[in-house]
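Participant: Take a look at the following structure, please.
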Amino acid sequence: MAESKWTYDHIPNQSGRVVLITGANSGLGYQEALMMAKKGAEVILAGRDRNKVHTALNTIAKQAPNAKLSHVMLDLADLNSVSECVKEVQRKYERLDMLINNAGVMIPPFSHTKQGFELQFGTNHLGHFALTGQLLPLILQTPNSRIASMTSLAGMAGSIDFSDLHYENRRYIKMLAYGQSKLANLMFINGLAIRLKNAGSKTIAVAAHPGGSTTNLQKSGGFFFRRILTPLTSQPASEGALPILRAVCDPKAANGSF
């Protein structure tokens with residue numbers, strides 16, 4: 001018998017659990033934060049635009065009046081911002097049950113992070129790699145905690161050029177660069193899952209793909225991509241948020257699964 005579709009109603013009560021969501025002020029991240037808040041989790045909204053994060057927090061509070069909500073400033077394209085974010089979370093929290101590495105950029109013009117890395121690889125992979133690594137002690141001390149990263153089927157078709165990660169010596173093709181960053185997300189979760197297992201940890205690492213979803217991620221695409229292809233092939237962000245919520249909430253989700 002085919003498994004029934006996993007929906008919001010399948011999310012167990014999350015009372016007593018703390019979740020940090022990157023890019024929580026819009027798109028998939030906002031929907032993830034809203035659903036987790038409604039299910040009783042204490043939600044930390046992480047984003048780089050203070051006004052947008054505040055707006056998202058206030059909007060969620062109106063829809064879930066009893067929700068426990070807070071925010072931290074986080075610019076994944078600046079490793080100094082990542083470190084400051086971690087310090088703030090460590091000061092305020094004694095546990096972190098779930099880390100959702102959701103934020104990302106997609107097919108922007110060629111540009112760099114604050115530390116000089118190609119923007120997509122630097123933001124989508126390196127920023128989250130640093131965030132996860134620095135939060136790991138807090139996560140590991142929390143029983144049955146989970147780390148989930150948003151990847152993409154673009155990563156399945158991607159490749160990583162370890163000799164030129166940041167397009168210093170090759171022509172920048174933005175979709176290929178995006179695929180490289182998403183493959184890096186998948187490889188990171190796979191490698192982390194193996195290390196967690198070998199260490200005997202009860203923390204698990206899981207990857208997820210949102211499917212085609214209508215969010216601000218497509219704003220860098222051309223007219224055809226934004227106005228024709230995306231509307232025809234995409235689902236609402238509330239649907240696209242479900243795979244990564246399943247990764248952190250479904251009791252059956254296995255370490256290293258995608």
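Order determines the names: the first chain of the structure tokens is A, the second B, and so forth; residues in each chain are numbered 1 upward, and ligands are numbered 1 upward as they are shown.
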Find the residues around segment 247-257 of chain A up to 9 Å (only C-alpha atoms counted), leave out those fewer than 4 positions away in its own chain, and share them as a list in words.
Facilitator: His10, Ile11, Pro12, Gln14, Asp97, Met98, Leu99, Ile100, Ser145, Arg146, Ile147, Ala148, Ser149, Ile189, Asn190, Gly191, Leu192, Ala193, Ile194, Leu196, Lys197, Thr203, Ile204, Ala205, Val206, Ala207, Ala208, Leu242 and Pro243 of chain A
Participant: Would you output that residue set with N, CA, C and O atoms, as an mmCIF file, in the first residue's frame?
Facilitator:
data_model
loop_
_atom_site.group_PDB
_atom_site.id
_atom_site.type_symbol
_atom_site.label_atom_id
_atom_site.label_comp_id
_atom_site.auth_asym_id
_atom_site.auth_seq_id
_atom_site.Cartn_x
_atom_site.Cartn_y
_atom_site.Cartn_z
ATOM 1 N N HIS A 10 0.838 15.811 10.145
ATOM 2 C CA HIS A 10 1.710 14.743 10.630
ATOM 3 C C HIS A 10 2.791 15.255 11.582
ATOM 4 O O HIS A 10 3.462 14.438 12.232
ATOM 5 N N ILE A 11 2.983 16.553 11.661
ATOM 6 C CA ILE A 11 4.018 17.101 12.544
ATOM 7 C C ILE A 11 3.591 16.902 13.991
ATOM 8 O O ILE A 11 2.543 17.393 14.408
ATOM 9 N N PRO A 12 4.390 16.187 14.786
ATOM 10 C CA PRO A 12 4.033 15.986 16.197
ATOM 11 C C PRO A 12 4.103 17.301 16.968
ATOM 12 O O PRO A 12 4.695 18.282 16.513
ATOM 13 N N GLN A 14 5.510 19.994 19.194
ATOM 14 C CA GLN A 14 6.915 20.367 19.353
ATOM 15 C C GLN A 14 7.183 21.152 20.636
ATOM 16 O O GLN A 14 8.253 21.761 20.789
ATOM 17 N N ASP A 97 17.351 21.923 19.711
ATOM 18 C CA ASP A 97 16.852 20.625 19.260
ATOM 19 C C ASP A 97 16.939 20.457 17.751
ATOM 20 O O ASP A 97 17.139 19.333 17.270
ATOM 21 N N MET A 98 16.764 21.549 17.034
ATOM 22 C CA MET A 98 16.719 21.473 15.569
ATOM 23 C C MET A 98 17.407 22.680 14.950
ATOM 24 O O MET A 98 17.138 23.813 15.331
ATOM 25 N N LEU A 99 18.284 22.422 14.005
ATOM 26 C CA LEU A 99 18.880 23.472 13.181
ATOM 27 C C LEU A 99 18.428 23.229 11.753
ATOM 28 O O LEU A 99 18.707 22.172 11.180
ATOM 29 N N ILE A 100 17.706 24.199 11.196
ATOM 30 C CA ILE A 100 17.246 24.091 9.816
ATOM 31 C C ILE A 100 18.046 25.069 8.960
ATOM 32 O O ILE A 100 17.857 26.290 9.026
ATOM 33 N N SER A 145 18.648 15.532 19.025
ATOM 34 C CA SER A 145 18.613 16.729 18.186
ATOM 35 C C SER A 145 18.811 16.371 16.720
ATOM 36 O O SER A 145 19.250 15.264 16.381
ATOM 37 N N ARG A 146 18.498 17.337 15.851
ATOM 38 C CA ARG A 146 18.597 17.107 14.409
ATOM 39 C C ARG A 146 19.139 18.329 13.682
ATOM 40 O O ARG A 146 18.875 19.468 14.065
ATOM 41 N N ILE A 147 19.879 18.050 12.609
ATOM 42 C CA ILE A 147 20.390 19.078 11.709
ATOM 43 C C ILE A 147 19.844 18.761 10.322
ATOM 44 O O ILE A 147 19.990 17.639 9.837
ATOM 45 N N ALA A 148 19.194 19.725 9.694
ATOM 46 C CA ALA A 148 18.628 19.508 8.360
ATOM 47 C C ALA A 148 19.067 20.622 7.425
ATOM 48 O O ALA A 148 19.043 21.798 7.788
ATOM 49 N N SER A 149 19.489 20.250 6.236
ATOM 50 C CA SER A 149 19.915 21.237 5.240
ATOM 51 C C SER A 149 19.076 21.121 3.974
ATOM 52 O O SER A 149 18.752 20.020 3.530
ATOM 53 N N ILE A 189 25.882 17.043 4.458
ATOM 54 C CA ILE A 189 24.976 16.280 5.318
ATOM 55 C C ILE A 189 25.369 14.810 5.334
ATOM 56 O O ILE A 189 25.356 14.150 6.389
ATOM 57 N N ASN A 190 25.737 14.283 4.182
ATOM 58 C CA ASN A 190 26.147 12.883 4.116
ATOM 59 C C ASN A 190 27.388 12.633 4.983
ATOM 60 O O ASN A 190 27.439 11.674 5.768
ATOM 61 N N GLY A 191 28.380 13.505 4.851
ATOM 62 C CA GLY A 191 29.591 13.366 5.641
ATOM 63 C C GLY A 191 29.341 13.558 7.123
ATOM 64 O O GLY A 191 29.901 12.839 7.972
ATOM 65 N N LEU A 192 28.505 14.533 7.463
ATOM 66 C CA LEU A 192 28.172 14.789 8.864
ATOM 67 C C LEU A 192 27.433 13.603 9.470
ATOM 68 O O LEU A 192 27.707 13.202 10.613
ATOM 69 N N ALA A 193 26.500 13.031 8.718
ATOM 70 C CA ALA A 193 25.740 11.872 9.205
ATOM 71 C C ALA A 193 26.673 10.709 9.538
ATOM 72 O O ALA A 193 26.507 10.028 10.564
ATOM 73 N N ILE A 194 27.646 10.480 8.684
ATOM 74 C CA ILE A 194 28.603 9.393 8.919
ATOM 75 C C ILE A 194 29.410 9.658 10.186
ATOM 76 O O ILE A 194 29.598 8.765 11.024
ATOM 77 N N LEU A 196 28.558 11.558 12.768
ATOM 78 C CA LEU A 196 27.679 11.452 13.940
ATOM 79 C C LEU A 196 27.471 9.984 14.324
ATOM 80 O O LEU A 196 27.519 9.621 15.499
ATOM 81 N N LYS A 197 27.247 9.153 13.316
ATOM 82 C CA LYS A 197 27.058 7.720 13.565
ATOM 83 C C LYS A 197 28.313 7.107 14.174
ATOM 84 O O LYS A 197 28.241 6.361 15.162
ATOM 85 N N THR A 203 22.293 12.482 17.743
ATOM 86 C CA THR A 203 21.963 13.559 16.810
ATOM 87 C C THR A 203 22.018 13.011 15.389
ATOM 88 O O THR A 203 22.896 12.213 15.067
ATOM 89 N N ILE A 204 21.069 13.415 14.556
ATOM 90 C CA ILE A 204 21.080 12.961 13.170
ATOM 91 C C ILE A 204 21.129 14.152 12.220
ATOM 92 O O ILE A 204 20.723 15.265 12.564
ATOM 93 N N ALA A 205 21.624 13.900 11.013
ATOM 94 C CA ALA A 205 21.704 14.915 9.960
ATOM 95 C C ALA A 205 20.915 14.419 8.750
ATOM 96 O O ALA A 205 21.087 13.278 8.320
ATOM 97 N N VAL A 206 20.056 15.267 8.220
ATOM 98 C CA VAL A 206 19.144 14.883 7.137
ATOM 99 C C VAL A 206 19.103 15.999 6.096
ATOM 100 O O VAL A 206 19.164 17.178 6.438
ATOM 101 N N ALA A 207 18.992 15.638 4.829
ATOM 102 C CA ALA A 207 18.855 16.619 3.750
ATOM 103 C C ALA A 207 17.431 16.596 3.208
ATOM 104 O O ALA A 207 16.717 15.597 3.356
ATOM 105 N N ALA A 208 17.024 17.677 2.573
ATOM 106 C CA ALA A 208 15.679 17.743 1.995
ATOM 107 C C ALA A 208 15.695 18.601 0.739
ATOM 108 O O ALA A 208 16.532 19.487 0.579
ATOM 109 N N LEU A 242 7.428 21.547 3.616
ATOM 110 C CA LEU A 242 7.148 20.281 4.294
ATOM 111 C C LEU A 242 8.303 19.273 4.289
ATOM 112 O O LEU A 242 8.526 18.596 5.301
ATOM 113 N N PRO A 243 9.061 19.111 3.184
ATOM 114 C CA PRO A 243 10.133 18.117 3.224
ATOM 115 C C PRO A 243 11.162 18.349 4.331
ATOM 116 O O PRO A 243 11.559 17.408 5.022
#
Participant: Counting only C-alpha atoms, which residues of segment 26-112 of chain A sit at most 9 Å from some atom of segment 15-20 of chain A, and what is each one's closest atom pair with its distance in Å to one decimal, listed by chain and rising residue number, as a Markdown table?
Facilitator:
| residue | atom | partner | partner_atom | distance |
| --- | --- | --- | --- | --- |
| A:Ala33 | CA | A:Val19 | CA | 8.6 |
| A:Met36 | CA | A:Val19 | CA | 8.1 |
| A:Lys39 | CA | A:Ser15 | CA | 7.1 |
| A:Gly40 | CA | A:Ser15 | CA | 4.4 |
| A:Ala41 | CA | A:Ser15 | CA | 5.0 |
| A:Glu42 | CA | A:Val18 | CA | 4.7 |
| A:Val43 | CA | A:Val19 | CA | 5.1 |
| A:Ile44 | CA | A:Leu20 | CA | 4.6 |
| A:Leu45 | CA | A:Leu20 | CA | 6.2 |
| A:Ala46 | CA | A:Leu20 | CA | 6.9 |
| A:His71 | CA | A:Leu20 | CA | 8.9 |
| A:Tyr93 | CA | A:Val18 | CA | 8.7 |
| A:Arg95 | CA | A:Val18 | CA | 7.0 |
| A:Leu96 | CA | A:Val18 | CA | 5.3 |
| A:Asp97 | CA | A:Val18 | CA | 5.2 |
| A:Met98 | CA | A:Val19 | CA | 4.5 |
| A:Leu99 | CA | A:Leu20 | CA | 5.1 |
| A:Ile100 | CA | A:Leu20 | CA | 6.1 |
| A:Asn101 | CA | A:Leu20 | CA | 8.4 |
Participant: Do you have, as JSON lines, the list of residues of segment 63-86 of chain A lying at most 10 Å from segment 122-125 of chain A, each with its nearest atom pair and that distance in Å to one decimal, counting only C-alpha atoms and ordered by chain then number?
Facilitator:
{"residue": "A:Asp75", "atom": "CA", "partner": "A:Thr123", "partner_atom": "CA", "distance": 8.5}
{"residue": "A:Leu76", "atom": "CA", "partner": "A:Thr123", "partner_atom": "CA", "distance": 5.2}
{"residue": "A:Ala77", "atom": "CA", "partner": "A:Thr123", "partner_atom": "CA", "distance": 4.9}
{"residue": "A:Asp78", "atom": "CA", "partner": "A:Thr123", "partner_atom": "CA", "distance": 8.2}
{"residue": "A:Leu79", "atom": "CA", "partner": "A:Gly122", "partner_atom": "CA", "distance": 9.2}
Participant: Tell me, as an mmCIF file with C-alpha atoms, in the first residue's frame, which residues lie within 7 Å of segment 178-183 of chain A, counting only C-alpha atoms; anything in the same chain fewer than 2 positions away does not count.
Facilitator:
data_model
loop_
_atom_site.group_PDB
_atom_site.id
_atom_site.type_symbol
_atom_site.label_atom_id
_atom_site.label_comp_id
_atom_site.auth_asym_id
_atom_site.auth_seq_id
_atom_site.Cartn_x
_atom_site.Cartn_y
_atom_site.Cartn_z
ATOM 1 C CA MET A 106 20.105 31.216 -6.459
ATOM 2 C CA ILE A 107 21.671 32.238 -9.791
ATOM 3 C CA GLN A 120 26.462 30.928 -4.021
ATOM 4 C CA PHE A 121 29.080 28.498 -2.684
ATOM 5 C CA ASN A 124 24.656 28.198 0.546
ATOM 6 C CA HIS A 125 27.454 25.927 1.733
ATOM 7 C CA THR A 151 19.504 21.032 -0.990
ATOM 8 C CA SER A 152 18.103 20.705 -4.513
ATOM 9 C CA ALA A 154 20.167 20.824 -9.109
ATOM 10 C CA GLY A 155 22.837 19.372 -6.867
ATOM 11 C CA MET A 156 22.227 15.892 -8.215
ATOM 12 C CA ALA A 157 23.189 17.138 -11.651
ATOM 13 C CA GLY A 158 25.985 19.316 -10.345
ATOM 14 C CA SER A 159 29.692 18.788 -9.901
ATOM 15 C CA ILE A 160 32.346 20.326 -7.703
ATOM 16 C CA LYS A 174 25.447 30.836 -12.543
ATOM 17 C CA MET A 175 23.249 27.730 -12.766
ATOM 18 C CA LEU A 176 26.287 25.439 -12.649
ATOM 19 C CA ASN A 185 25.017 20.853 0.857
ATOM 20 C CA LEU A 186 24.180 17.224 0.127
ATOM 21 C CA MET A 187 27.768 16.028 0.557
#
Participant: Enter the distance from atom CA of Val72 of chain A to atom CA of Cys85 of chain A, in Å, rounded to one decimal.
Facilitator: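 Atom CA of Val72 of chain A sits 6.2 Å away from atom CA of Cys85 of chain A.
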Participant: DSSP on the backbone: what in segment 80-251 of chain A comes out strand (DSSP E or B), as a VMD selection string?
Facilitator: chain A and resid 98 to 101 112 118 146 to 150 204 to 208 213 235
Participant: If you run DSSP on the backbone here, which positions in segment 53-95 of chain A get helix (DSSP H, G or I)? Please write them as a PyMOL selection string.
Facilitator: chain A and resi 53-63+79-92
Participant: Give me the residues near Pro65 of chain A as number ranges by chain, where near means some atom within 12 Å (using only C-alpha atoms) and where sequence neighbours in that chain fewer than 6 positions away do not count.
Facilitator: A: 34, 37-40, 57-59
Participant: Residues near Leu135 of chain A, anyone? I mean within 9 Å using only C-alpha atoms, not counting same-chain ones fewer than 3 positions away, as number ranges by chain.
Facilitator: A: 86-87, 89-90, 96, 99, 130-132, 138-140
Participant: Under the rule that only C-alpha atoms are counted, which of A:Trp6, A:Gln134, A:His128, A:Gly23 is the nearest residue to Asp49 of chain A?
Facilitator: A:Gly23
Participant: Which residue is closest to Ala237 of chain A? Choose from A:Met35, A:Ala67, A:Asn13, A:Arg171 and count only C-alpha atoms.
Facilitator: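 Smallest distance to Ala237 of chain A is found for A:Met35.
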